[in-house]
>>> print(open('my_file10.txt').read())   # compact mmCIF, C-alpha atoms
# COMPACT_ATOMS: atom_id res chain seq x y z
CA MET A 1 33.08 -10.51 7.52
CA LEU A 2 32.99 -9.48 3.87
CA VAL A 3 32.64 -12.19 1.26
CA SER A 4 33.10 -11.59 -2.42
CA ILE A 5 30.67 -13.19 -4.81
CA ALA A 6 32.29 -15.69 -7.15
CA PRO A 7 31.64 -15.30 -10.87
CA PRO A 8 29.68 -18.18 -12.49
CA GLU A 9 32.77 -19.75 -14.05
CA GLN A 10 34.08 -20.41 -10.53
CA TRP A 11 30.89 -21.98 -9.13
CA ALA A 12 32.00 -25.53 -9.91
CA ILE A 13 35.35 -25.12 -8.15
CA LYS A 14 35.34 -27.21 -4.99
CA LYS A 15 35.68 -25.34 -1.73
CA SER A 16 35.73 -26.56 1.82
CA PRO A 17 32.20 -27.25 3.04
CA ILE A 18 30.61 -24.82 5.45
CA ASP A 19 29.53 -26.13 8.84
CA VAL A 20 25.94 -24.99 8.38
CA MET A 21 24.84 -25.81 11.93
CA ALA A 22 27.71 -23.87 13.52
CA ARG A 23 27.05 -20.93 11.20
CA ARG A 24 23.33 -21.15 12.02
CA GLU A 25 24.00 -20.74 15.74
CA LYS A 26 26.35 -17.81 15.15
CA VAL A 27 23.98 -16.02 12.76
CA LEU A 28 20.90 -16.80 14.86
CA SER A 29 22.41 -14.98 17.83
CA ASN A 30 22.66 -11.87 15.60
CA VAL A 31 19.13 -11.97 14.21
CA LEU A 32 16.81 -12.95 17.06
CA GLN A 33 16.50 -11.08 20.35
CA ASP A 34 13.55 -11.18 22.74
CA GLY A 35 11.24 -12.65 20.09
CA LYS A 36 12.15 -9.96 17.55
CA ARG A 37 13.81 -10.69 14.20
CA ARG A 38 16.34 -8.42 12.53
CA VAL A 39 14.65 -7.00 9.42
CA TYR A 40 16.82 -5.40 6.75
CA LYS A 41 13.93 -3.42 5.20
CA ILE A 42 10.22 -3.41 4.43
CA GLU A 43 9.20 -1.64 1.25
CA CYS A 44 6.90 -1.52 -1.71
CA ALA A 45 8.67 -3.14 -4.68
CA LYS A 46 7.92 -4.66 -8.07
CA GLY A 47 9.36 -8.09 -7.17
CA PHE A 48 6.14 -10.05 -6.73
CA ALA A 49 3.65 -7.38 -7.70
CA GLY A 50 1.68 -9.66 -10.00
CA SER A 51 -0.40 -7.55 -12.36
CA ASN A 52 -0.45 -4.60 -9.95
CA GLU A 53 1.74 -1.81 -11.29
CA ASN A 54 1.85 -0.15 -7.85
CA GLY A 55 4.13 -2.86 -6.52
CA ALA A 56 3.80 -5.28 -3.64
CA ALA A 57 4.79 -5.42 0.02
CA CYS A 58 8.30 -6.87 0.39
CA LEU A 59 10.05 -7.83 3.62
CA TYR A 60 13.80 -8.48 3.69
CA VAL A 61 15.23 -10.30 6.70
CA SER A 62 18.85 -10.38 7.79
CA GLY A 63 20.80 -13.57 8.39
CA CYS A 64 21.34 -16.87 6.60
CA SER A 65 22.89 -20.12 7.80
CA PHE A 66 24.31 -20.89 4.36
CA LEU A 67 27.04 -18.95 2.60
CA CYS A 68 26.44 -19.85 -1.04
CA GLN A 69 29.18 -18.51 -3.29
CA TYR A 70 26.66 -17.38 -5.91
CA CYS A 71 24.39 -15.47 -3.52
CA PHE A 72 23.63 -11.88 -4.52
CA VAL A 73 22.54 -10.72 -1.04
CA ASN A 74 24.71 -8.17 0.80
CA PRO A 75 27.20 -10.12 2.99
CA MET A 76 26.48 -7.81 5.96
CA SER A 77 22.84 -8.80 5.70
CA LEU A 78 23.69 -12.52 5.41
CA SER A 79 25.71 -12.37 8.63
CA GLY A 80 22.76 -10.81 10.45
CA ALA A 81 24.52 -7.52 11.09
CA LYS A 82 22.10 -5.25 9.20
CA GLY A 83 18.64 -4.05 10.12
CA ASP A 84 16.39 -3.27 13.05
CA PHE A 85 14.60 -5.76 15.29
CA CYS A 86 10.85 -6.20 14.68
CA SER A 87 8.25 -8.40 16.29
CA PRO A 88 5.96 -10.29 13.90
CA ASN A 89 3.21 -7.81 14.77
CA GLU A 90 5.42 -4.78 14.01
CA ALA A 91 6.44 -6.27 10.66
CA PHE A 92 2.79 -7.13 9.91
CA GLU A 93 1.63 -3.56 10.58
CA LYS A 94 4.23 -2.17 8.16
CA LEU A 95 3.33 -4.74 5.50
CA LYS A 96 -0.39 -4.10 6.03
CA ARG A 97 0.04 -0.37 5.35
CA ILE A 98 1.73 -1.18 2.03
CA ILE A 99 -0.94 -3.74 1.11
CA LEU A 100 -3.74 -1.26 1.78
CA ARG A 101 -1.96 1.57 -0.06
CA THR A 102 -1.24 -0.52 -3.18
CA GLN A 103 -4.47 -2.53 -3.05
CA ASN A 104 -2.26 -5.54 -3.82
CA PRO A 105 -2.63 -8.63 -1.60
CA HIS A 106 0.75 -10.07 -2.63
CA VAL A 107 3.59 -10.17 -0.10
CA GLN A 108 7.16 -11.29 -0.76
CA PHE A 109 9.63 -12.40 1.92
CA ASN A 110 13.30 -12.21 0.95
CA GLY A 111 16.51 -12.50 2.82
CA GLY A 112 18.49 -13.85 4.34
CA GLU A 113 16.73 -17.04 5.28
CA MET A 114 13.14 -16.63 6.49
CA PHE A 115 13.04 -19.99 8.24
CA LEU A 116 16.14 -19.33 10.31
CA THR A 117 13.51 -18.17 12.84
CA PRO A 118 10.55 -20.48 12.07
CA ALA A 119 8.27 -19.42 14.95
CA TRP A 120 8.68 -15.72 14.08
CA THR A 121 8.03 -16.41 10.38
CA LEU A 122 4.98 -18.59 11.02
CA GLU A 123 3.48 -16.00 13.37
CA LEU A 124 3.85 -13.34 10.66
CA ILE A 125 2.28 -15.68 8.08
CA CYS A 126 -0.68 -16.28 10.44
CA LEU A 127 -1.19 -12.53 10.93
CA LEU A 128 -1.18 -11.95 7.17
CA SER A 129 -3.52 -14.90 6.56
CA GLU A 130 -6.03 -13.64 9.12
CA PHE A 131 -5.87 -10.18 7.54
CA PHE A 132 -6.50 -11.62 4.06
CA ARG A 133 -9.45 -13.72 5.31
CA GLY A 134 -11.09 -10.90 7.24
CA GLU A 135 -10.21 -7.23 7.16
CA CYS A 136 -8.73 -7.05 3.63
CA LYS A 137 -11.80 -6.21 1.55
CA PHE A 138 -10.19 -6.44 -1.90
CA VAL A 139 -9.14 -10.09 -1.57
CA THR A 140 -11.38 -12.30 -3.71
CA TYR A 141 -11.47 -15.82 -5.09
CA LYS A 142 -9.93 -14.49 -8.30
CA GLN A 143 -7.41 -12.29 -6.45
CA PRO A 144 -6.46 -14.14 -3.26
CA GLY A 145 -3.88 -12.94 -0.78
CA ARG A 146 -0.53 -14.55 -1.60
CA ILE A 147 2.70 -14.87 0.34
CA TRP A 148 5.88 -15.64 -1.59
CA ILE A 149 8.85 -16.84 0.47
CA ASP A 150 12.35 -17.03 -0.97
CA THR A 151 14.19 -19.70 1.00
CA MET A 152 17.47 -21.67 0.95
CA GLY A 153 16.48 -24.23 -1.54
>>> encode(input="my_file10.txt", output="structure tokens")
Amino acid sequence: MLVSIAPPEQWAIKKSPIDVMARREKVLSNVLQDGKRRVYKIECAKGFAGSNENGAACLYVSGCSFLCQYCFVNPMSLSGAKGDFCSPNEAFEKLKRIILRTQNPHVQFNGGEMFLTPAWTLELICLLSEFFRGECKFVTYKQPGRIWIDTMG
């Protein structure tokens, strides 16, 4: 299902409301299988790099239960049709490699909607938190590990 993005001058035009719960169930069946979430990509990017010019670890998930007319995310990703399935541990290992390579303890989650799969998301957050508290030697009081989550609101 391709959706065109409305230009700003059309944002105030009333449209029929979306049944968010029905869409959630449809999208959820596309993005979660056997405890694995569909991930669009994991990369090093400038998005939330902070002062680190090497970039930061960014995770992009597929699937969103809203269909906001002003959203800039690829419609195929919003429907949950793009990406590979990853467990929280698999996603963590990929993010960890980027964190160690860039020496930047900032991680950004984008989407899609991260909390469409709350247990998966919270497990990944716990893995990153444990890493920042223990194994990650360049995390300090002045440069703590940070997780930025873009969400539906």
>>> atom_distance(input="my_file10.txt", atom1="CA of Asn54 in chain A", atom2="CA of Met152 in chain A")
28.0 Å
>>> atom_distance(input="my_file10.txt", atom1="CA of Glu135 in chain A", atom2="CA of Pro105 in chain A")
11.7 Å
>>> closest_residue(input="my_file10.txt", among="A:Ile125, A:Ile42, A:Val20, A:Cys68", to="Lys94 in chain A", atoms="only C-alpha atoms")
A:Ile42
>>> closest_residue(input="my_file10.txt", among="A:Glu93, A:Glu123, A:Asp84, A:Glu130", to="Leu32 in chain A", atoms="all atoms listed in the file")
A:Asp84
>>> residues_near_point(input="my_file10.txt", point="(11.8, -19.8, 0.6)", cutoff="12 Å", atoms="only C-alpha atoms", output="PyMOL selection string")
chain A and resi 60-61+64+108-116+118+121+147-153
>>> atom_distance(input="my_file10.txt", atom1="CA of Glu90 in chain A", atom2="CA of Trp120 in chain A")
11.4 Å
>>> residues_around(input="my_file10.txt", residues="Glu25 in chain A", least_positions_apart="4", cutoff="12 Å", atoms="all atoms listed in the file", output="compact mmCIF listing (two decimals) with C-alpha atoms, in the frame of the given file")
# COMPACT_ATOMS: atom_id res chain seq x y z
CA ASP A 19 29.53 -26.13 8.84
CA VAL A 20 25.94 -24.99 8.38
CA MET A 21 24.84 -25.81 11.93
CA SER A 29 22.41 -14.98 17.83
CA ASN A 30 22.66 -11.87 15.60
CA VAL A 31 19.13 -11.97 14.21
CA LEU A 32 16.81 -12.95 17.06
CA GLY A 63 20.80 -13.57 8.39
CA CYS A 64 21.34 -16.87 6.60
CA SER A 65 22.89 -20.12 7.80
CA PHE A 66 24.31 -20.89 4.36
CA SER A 79 25.71 -12.37 8.63
CA GLY A 80 22.76 -10.81 10.45
CA LEU A 116 16.14 -19.33 10.31
CA THR A 117 13.51 -18.17 12.84
>>> residues_around(input="my_file10.txt", residues="Phe92 in chain A", least_positions_apart="6", cutoff="8 Å", atoms="only C-alpha atoms", output="PyMOL selection string")
chain A and resi 124+127-128
>>> closest_residue(input="my_file10.txt", among="A:Leu28, A:Cys44, A:Leu122, A:Ala56", to="Asn89 in chain A", atoms="all atoms listed in the file")
A:Leu122
>>> closest_residue(input="my_file10.txt", among="A:Arg37, A:Lys46, A:His106, A:Lys137", to="Ala91 in chain A", atoms="all atoms listed in the file")
A:Arg37
>>> closest_residue(input="my_file10.txt", among="A:Ser16, A:Asn74, A:Thr102, A:Ser62", to="Ala45 in chain A", atoms="all atoms listed in the file")
A:Thr102
>>> residues_around(input="my_file10.txt", residues="Phe85 in chain A", least_positions_apart="6", cutoff="7 Å", atoms="only C-alpha atoms", output="ChimeraX atom specification")
/A:36-39
